[in-house]
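First the structure, in the form of structure tokens, and then the observations on it.
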Amino acid sequence: MSFSRRSMLQSVATGFGYAAFAGLASQMAAAEKDSKNPLLPKKPHFEPKAKRVIFLSMRGGPSHVDTFDYKPGLAKNNGKKSQGNRTLMKSPWGFTQQGESGIHVSDLFPHLGKHADKLCLINGMYGKTPAHPQAYLQLHTGQFQFVRPSVGAWTLYGLGTENQDLPGFITIKPEPQLGGAQNYGSAFLPAMYQGTRIGRRGQNLAGAQVGNLSNAEFDKALQRDQLDLIQSMNRDLLHQQKIDPQVEGVIESYELAFRMQSQIPTLLDMADESQDTLNRYGIGSGTTDDFGRQCLMARRFSEAGVRFIQLSHANWDQHNGLKKNLARNCEQIDKPIAAMISDLESRGLLKDTLVVWGGEFGRTPHVKRNDGRDHNATGFSMWMCGGGVKGGMRHGATDENGIAAVEDRTSFHDLHATMLHLMGLDHEKLTYRYAGRDFRLTDVFGNVMNKIIS
């Protein structure tokens, strides 16, 4: 004789005794009320400039000398030989001074250029390796030799989250390779701090959902009964073992998943947005639709109290076809990002939302092919805006041709230390005890970029 899942649960409840079952549920609720939820907002080390982060991850290595690192010297040296038999190639695009600050932004970004006075261009970035898998992993976790928690997981661990009905860390269409889930994972931190994935690369974001969010067989009341029974067993195990981060993570994850059922679908549904808003983000246009949806989701999740939101955009690896492919990439993200910044500002959110843009490295100013650039980790660009960052400035610089960082050189450890600092966290004090030692996001490195903080 076979039983449905509903029948099995009801049988368990009946055998256990409904009175006892109800009593257990009541005890469970009381225990949960008395226990400290590790996802509740936590006090930062000092007064923060930012409450949340939106990280715009560009996988593949955007060409800095064609986007945000203006190099008149490279134009002057166009066609000359550099580093062996390679030929220097000037940018095919012009750079225009934008805003009152007059910082140079590539003509590839006509919409984003209008926000020049809000942007801090970090032109002195450098990395340890020009290989995609290692560099991309280091961008997200600070390490590529070992499995380590992602920057989003560290942020959530240090600060908790403002909305207990939503994940504190959301990643939208993350890179499935180049480290995969490690880029938003929690590693040795409790599992509750890992990112919640929405969508995947190659999937139209219009139909993206959070997996296993609804239950077609049980109504909400019966789900609650089922969860209370399971959680009582989990808490009994935790009581026996005293300390078990994995069990604690399971308990909190189950509770969060139950609460998410009512919140996530509402935020993913953009039916309440005006047509004007959708147009500003480029939603409905084949070129900008997908990333426009990511950026609008980021604004909606920011408004709802999510602590760390990561967006992903791929295919910046232009070894050839630079003119066509880089122009297409920039067109796909320019209008959506500009709309998101405008929206955050108009809603009073930009002042305490840190927006970070960049990839795992840059591209070479010298070329082997006439229409392509190779990997370059010795010097490249990222940018920040909002969240306590000075706008309309350039921090750091590469050499005359854009090959290597030479001024205010900035590593990923420095980047991460600065991100945490703006969130009110001292990167040297944000530690977690594991395998007999204290670990931190920045390992034993990292300097805060104090020059860029307002």
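Ordering of the structure tokens sets the chain letters (A, B, ...); residue numbers start at 1 within each chain; ligands are numbered from 1 in the order shown.
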Can you check which residues of stretch 224-344 of chain A DSSP gives as strand (DSSP E or B) on the backbone and send them as a PDB file with C-alpha atoms, in the first residue's frame?
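Result saved to states-v1.pdb:
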```pdb
ATOM      1  CA  PHE A 308      24.471  42.127  -0.480  1.00  0.00           C
ATOM      2  CA  ILE A 309      23.280  41.831  -4.095  1.00  0.00           C
ATOM      3  CA  GLN A 310      25.500  40.499  -6.830  1.00  0.00           C
ATOM      4  CA  LEU A 311      24.749  40.879 -10.550  1.00  0.00           C
ATOM      5  CA  SER A 312      26.682  39.091 -13.303  1.00  0.00           C
ATOM      6  CA  HIS A 313      27.417  39.870 -16.920  1.00  0.00           C
TER       7      HIS A 313
END
```
Legend entry - DSSP helix (DSSP H, G or I) residues within stretch 272-394 of chain A, as a VMD selection string: chain A and resid 275 to 281 289 to 304 322 to 346 350 to 352
Dump of N, CA and C atoms for the selected residues, as a short mmCIF file (atom, residue, chain, number, x, y, z; two decimals), in the first residue's frame:
```
data_model
loop_
_atom_site.label_atom_id
_atom_site.label_comp_id
_atom_site.auth_asym_id
_atom_site.auth_seq_id
_atom_site.Cartn_x
_atom_site.Cartn_y
_atom_site.Cartn_z
N GLN A 275 5.54 51.67 -16.94
CA GLN A 275 6.18 51.47 -18.24
C GLN A 275 7.37 52.40 -18.42
N ASP A 276 7.27 53.58 -17.84
CA ASP A 276 8.38 54.53 -17.90
C ASP A 276 9.63 53.97 -17.21
N THR A 277 9.42 53.34 -16.05
CA THR A 277 10.54 52.73 -15.34
C THR A 277 11.16 51.60 -16.16
N LEU A 278 10.32 50.73 -16.71
CA LEU A 278 10.83 49.63 -17.52
C LEU A 278 11.62 50.15 -18.72
N ASN A 279 11.14 51.21 -19.33
CA ASN A 279 11.83 51.79 -20.49
C ASN A 279 13.19 52.36 -20.08
N ARG A 280 13.24 53.01 -18.92
CA ARG A 280 14.51 53.60 -18.48
C ARG A 280 15.58 52.53 -18.25
N TYR A 281 15.17 51.36 -17.79
CA TYR A 281 16.10 50.26 -17.57
C TYR A 281 16.39 49.48 -18.86
N ASP A 289 17.45 44.17 -22.21
CA ASP A 289 16.39 43.56 -21.39
C ASP A 289 16.95 42.76 -20.23
N ASP A 290 17.88 41.86 -20.49
CA ASP A 290 18.32 40.93 -19.45
C ASP A 290 19.04 41.65 -18.31
N PHE A 291 20.03 42.47 -18.65
CA PHE A 291 20.76 43.15 -17.56
C PHE A 291 19.89 44.24 -16.95
N GLY A 292 18.96 44.79 -17.75
CA GLY A 292 18.01 45.75 -17.18
C GLY A 292 17.18 45.13 -16.09
N ARG A 293 16.76 43.87 -16.29
CA ARG A 293 16.01 43.16 -15.25
C ARG A 293 16.87 42.93 -14.02
N GLN A 294 18.13 42.60 -14.22
CA GLN A 294 19.02 42.41 -13.08
C GLN A 294 19.12 43.70 -12.26
N CYS A 295 19.32 44.82 -12.96
CA CYS A 295 19.50 46.10 -12.25
C CYS A 295 18.22 46.53 -11.54
N LEU A 296 17.07 46.31 -12.16
CA LEU A 296 15.82 46.66 -11.50
C LEU A 296 15.58 45.76 -10.29
N MET A 297 15.91 44.47 -10.42
CA MET A 297 15.81 43.57 -9.26
C MET A 297 16.71 44.06 -8.14
N ALA A 298 17.91 44.50 -8.49
CA ALA A 298 18.85 44.99 -7.47
C ALA A 298 18.27 46.17 -6.72
N ARG A 299 17.63 47.10 -7.46
CA ARG A 299 17.00 48.23 -6.78
C ARG A 299 15.88 47.77 -5.87
N ARG A 300 15.06 46.81 -6.34
CA ARG A 300 13.93 46.32 -5.54
C ARG A 300 14.42 45.57 -4.30
N PHE A 301 15.44 44.75 -4.45
CA PHE A 301 15.98 44.03 -3.30
C PHE A 301 16.65 44.99 -2.32
N SER A 302 17.30 46.03 -2.83
CA SER A 302 17.92 47.03 -1.95
C SER A 302 16.86 47.71 -1.10
N GLU A 303 15.79 48.08 -1.76
CA GLU A 303 14.68 48.74 -1.06
C GLU A 303 14.07 47.85 0.00
N ALA A 304 14.08 46.54 -0.26
CA ALA A 304 13.45 45.58 0.65
C ALA A 304 14.35 45.18 1.81
N LEU A 322 37.16 42.93 -30.92
CA LEU A 322 37.02 43.93 -29.85
C LEU A 322 35.99 45.00 -30.21
N LYS A 323 36.09 45.55 -31.41
CA LYS A 323 35.22 46.68 -31.76
C LYS A 323 33.75 46.29 -31.71
N LYS A 324 33.42 45.14 -32.22
CA LYS A 324 32.02 44.71 -32.25
C LYS A 324 31.56 44.24 -30.87
N ASN A 325 32.36 43.38 -30.24
CA ASN A 325 31.90 42.71 -29.02
C ASN A 325 31.95 43.60 -27.78
N LEU A 326 32.99 44.43 -27.67
CA LEU A 326 33.04 45.33 -26.51
C LEU A 326 31.93 46.38 -26.61
N ALA A 327 31.69 46.86 -27.81
CA ALA A 327 30.60 47.83 -28.00
C ALA A 327 29.26 47.21 -27.61
N ARG A 328 29.06 45.94 -27.96
CA ARG A 328 27.81 45.26 -27.61
C ARG A 328 27.69 45.09 -26.10
N ASN A 329 28.78 44.66 -25.44
CA ASN A 329 28.76 44.49 -23.99
C ASN A 329 28.39 45.78 -23.28
N CYS A 330 29.04 46.87 -23.68
CA CYS A 330 28.79 48.15 -23.02
C CYS A 330 27.37 48.64 -23.27
N GLU A 331 26.86 48.41 -24.45
CA GLU A 331 25.48 48.80 -24.74
C GLU A 331 24.49 48.03 -23.87
N GLN A 332 24.81 46.77 -23.58
CA GLN A 332 23.91 45.94 -22.78
C GLN A 332 23.82 46.42 -21.34
N ILE A 333 24.89 47.01 -20.80
CA ILE A 333 24.89 47.37 -19.38
C ILE A 333 24.77 48.86 -19.11
N ASP A 334 25.10 49.71 -20.09
CA ASP A 334 25.20 51.16 -19.87
C ASP A 334 23.88 51.76 -19.39
N LYS A 335 22.84 51.59 -20.15
CA LYS A 335 21.54 52.17 -19.81
C LYS A 335 20.96 51.59 -18.52
N PRO A 336 21.00 50.25 -18.32
CA PRO A 336 20.47 49.69 -17.07
C PRO A 336 21.19 50.19 -15.81
N ILE A 337 22.52 50.26 -15.84
CA ILE A 337 23.25 50.71 -14.65
C ILE A 337 22.95 52.17 -14.36
N ALA A 338 22.90 52.98 -15.42
CA ALA A 338 22.58 54.41 -15.24
C ALA A 338 21.19 54.58 -14.63
N ALA A 339 20.23 53.78 -15.10
CA ALA A 339 18.88 53.86 -14.56
C ALA A 339 18.84 53.43 -13.09
N MET A 340 19.61 52.40 -12.75
CA MET A 340 19.64 51.93 -11.37
C MET A 340 20.21 53.00 -10.44
N ILE A 341 21.31 53.65 -10.87
CA ILE A 341 21.91 54.70 -10.05
C ILE A 341 20.92 55.85 -9.86
N SER A 342 20.24 56.23 -10.95
CA SER A 342 19.25 57.32 -10.85
C SER A 342 18.12 56.94 -9.90
N ASP A 343 17.65 55.71 -10.02
CA ASP A 343 16.57 55.23 -9.16
C ASP A 343 16.97 55.21 -7.69
N LEU A 344 18.16 54.69 -7.42
CA LEU A 344 18.65 54.65 -6.04
C LEU A 344 18.75 56.05 -5.47
N GLU A 345 19.26 56.97 -6.28
CA GLU A 345 19.41 58.35 -5.81
C GLU A 345 18.05 58.99 -5.55
N SER A 346 17.09 58.83 -6.46
CA SER A 346 15.79 59.47 -6.30
C SER A 346 15.02 58.93 -5.10
N LEU A 350 20.97 55.80 -2.60
CA LEU A 350 22.34 55.78 -3.10
C LEU A 350 23.35 56.19 -2.04
N LYS A 351 22.95 57.10 -1.17
CA LYS A 351 23.89 57.59 -0.16
C LYS A 351 24.37 56.49 0.77
N ASP A 352 23.57 55.44 0.96
CA ASP A 352 24.03 54.34 1.81
C ASP A 352 24.00 52.98 1.08
#
```
Legend entry - Residue among A:Leu422, A:Leu229, A:Ala397, A:Leu40 lying closest to A:Thr353, counting only C-alpha atoms: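 Counting only C-alpha atoms, the residue closest to A:Thr353 is A:Leu422.
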Legend entry - Pick from A:Ala221, A:Leu268, A:Ile170, A:Leu56 nearest to A:Ala206, counting only C-alpha atoms: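 Distance minimum relative to A:Ala206 lands on A:Leu268.
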Which residues of stretch 357-402 of chain A come within 9 Å of stretch 116-124 of chain A, and for each one, what is the closest pair of atoms and their distance in Å to one decimal, counting only C-alpha atoms, sorted by chain and residue number, as CSV?
```
residue,atom,partner,partner_atom,distance
A:Gly379,CA,A:Gly124,CA,6.2
A:Phe380,CA,A:Asn123,CA,6.1
A:Ser381,CA,A:Asn123,CA,4.4
A:Met382,CA,A:Ile122,CA,5.2
A:Trp383,CA,A:Leu121,CA,4.5
A:Met384,CA,A:Cys120,CA,5.3
A:Cys385,CA,A:Leu119,CA,4.9
A:Gly386,CA,A:Lys118,CA,6.9
A:Val389,CA,A:Cys120,CA,7.0
A:Lys390,CA,A:Cys120,CA,6.3
A:Gly391,CA,A:Lys118,CA,4.0
A:Gly392,CA,A:Asp117,CA,3.8
A:Met393,CA,A:Cys120,CA,5.0
A:Arg394,CA,A:Leu121,CA,4.6
A:His395,CA,A:Ile122,CA,4.8
A:Gly396,CA,A:Gly124,CA,4.3
A:Ala397,CA,A:Gly124,CA,4.6
A:Thr398,CA,A:Gly124,CA,5.7
```
Store the residues picked out above, limited to C-alpha atoms, as a PDB file, in the first residue's frame.
```
ATOM      1  CA  GLY A 379      46.978  47.098 -14.266  1.00  0.00           C
ATOM      2  CA  PHE A 380      43.239  47.635 -14.773  1.00  0.00           C
ATOM      3  CA  SER A 381      40.185  49.583 -13.604  1.00  0.00           C
ATOM      4  CA  MET A 382      37.123  49.196 -11.415  1.00  0.00           C
ATOM      5  CA  TRP A 383      34.757  51.840 -10.077  1.00  0.00           C
ATOM      6  CA  MET A 384      32.603  52.545  -7.040  1.00  0.00           C
ATOM      7  CA  CYS A 385      29.822  54.999  -6.328  1.00  0.00           C
ATOM      8  CA  GLY A 386      27.425  55.837  -3.502  1.00  0.00           C
ATOM      9  CA  VAL A 389      32.622  57.088  -1.723  1.00  0.00           C
ATOM     10  CA  LYS A 390      33.849  60.382  -3.169  1.00  0.00           C
ATOM     11  CA  GLY A 391      32.443  60.954  -6.641  1.00  0.00           C
ATOM     12  CA  GLY A 392      34.012  62.540  -9.699  1.00  0.00           C
ATOM     13  CA  MET A 393      37.533  61.345  -8.986  1.00  0.00           C
ATOM     14  CA  ARG A 394      40.217  58.988 -10.217  1.00  0.00           C
ATOM     15  CA  HIS A 395      42.132  56.978  -7.641  1.00  0.00           C
ATOM     16  CA  GLY A 396      45.395  55.439  -8.735  1.00  0.00           C
ATOM     17  CA  ALA A 397      46.876  55.210 -12.207  1.00  0.00           C
ATOM     18  CA  THR A 398      48.542  52.902 -14.673  1.00  0.00           C
TER      19      THR A 398
END
```
Legend entry - Spatial neighbours of A:Asp374, 6 Å, only C-alpha atoms, chain gap at least 3 places, as a PyMOL selection string: chain A and resi 319+363-364
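Of the listed residues (A:Gly168, A:Pro174, A:Gly185, A:Gly179), A:Pro174 comes nearest to A:Gly199; the distances count only C-alpha atoms.
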Legend entry - Separation of atom CA of A:Arg59 from atom CA of A:Ser150, in Å and rounded to one decimal: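 Going from atom CA of A:Arg59 over to atom CA of A:Ser150, I get 15.9 Å.
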Legend entry - Using only C-alpha atoms: which of A:Phe109, A:Phe55, A:Phe188, A:Trp93 has the shortest distance to A:Phe439: A:Phe188
Inset, instruction - Pick out the residues sitting within 8 Å of A:Gln98, and hand them over as a PyMOL selection string; count only C-alpha atoms, and ignore anything fewer than 4 positions along from it in its own chain. - result: chain A and resi 102-105+113-114+116-117
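With distances restricted to only C-alpha atoms, A:Ser91 is the closest residue to A:Ser63 from A:Thr418, A:Thr161, A:Asn234, A:Ser91.
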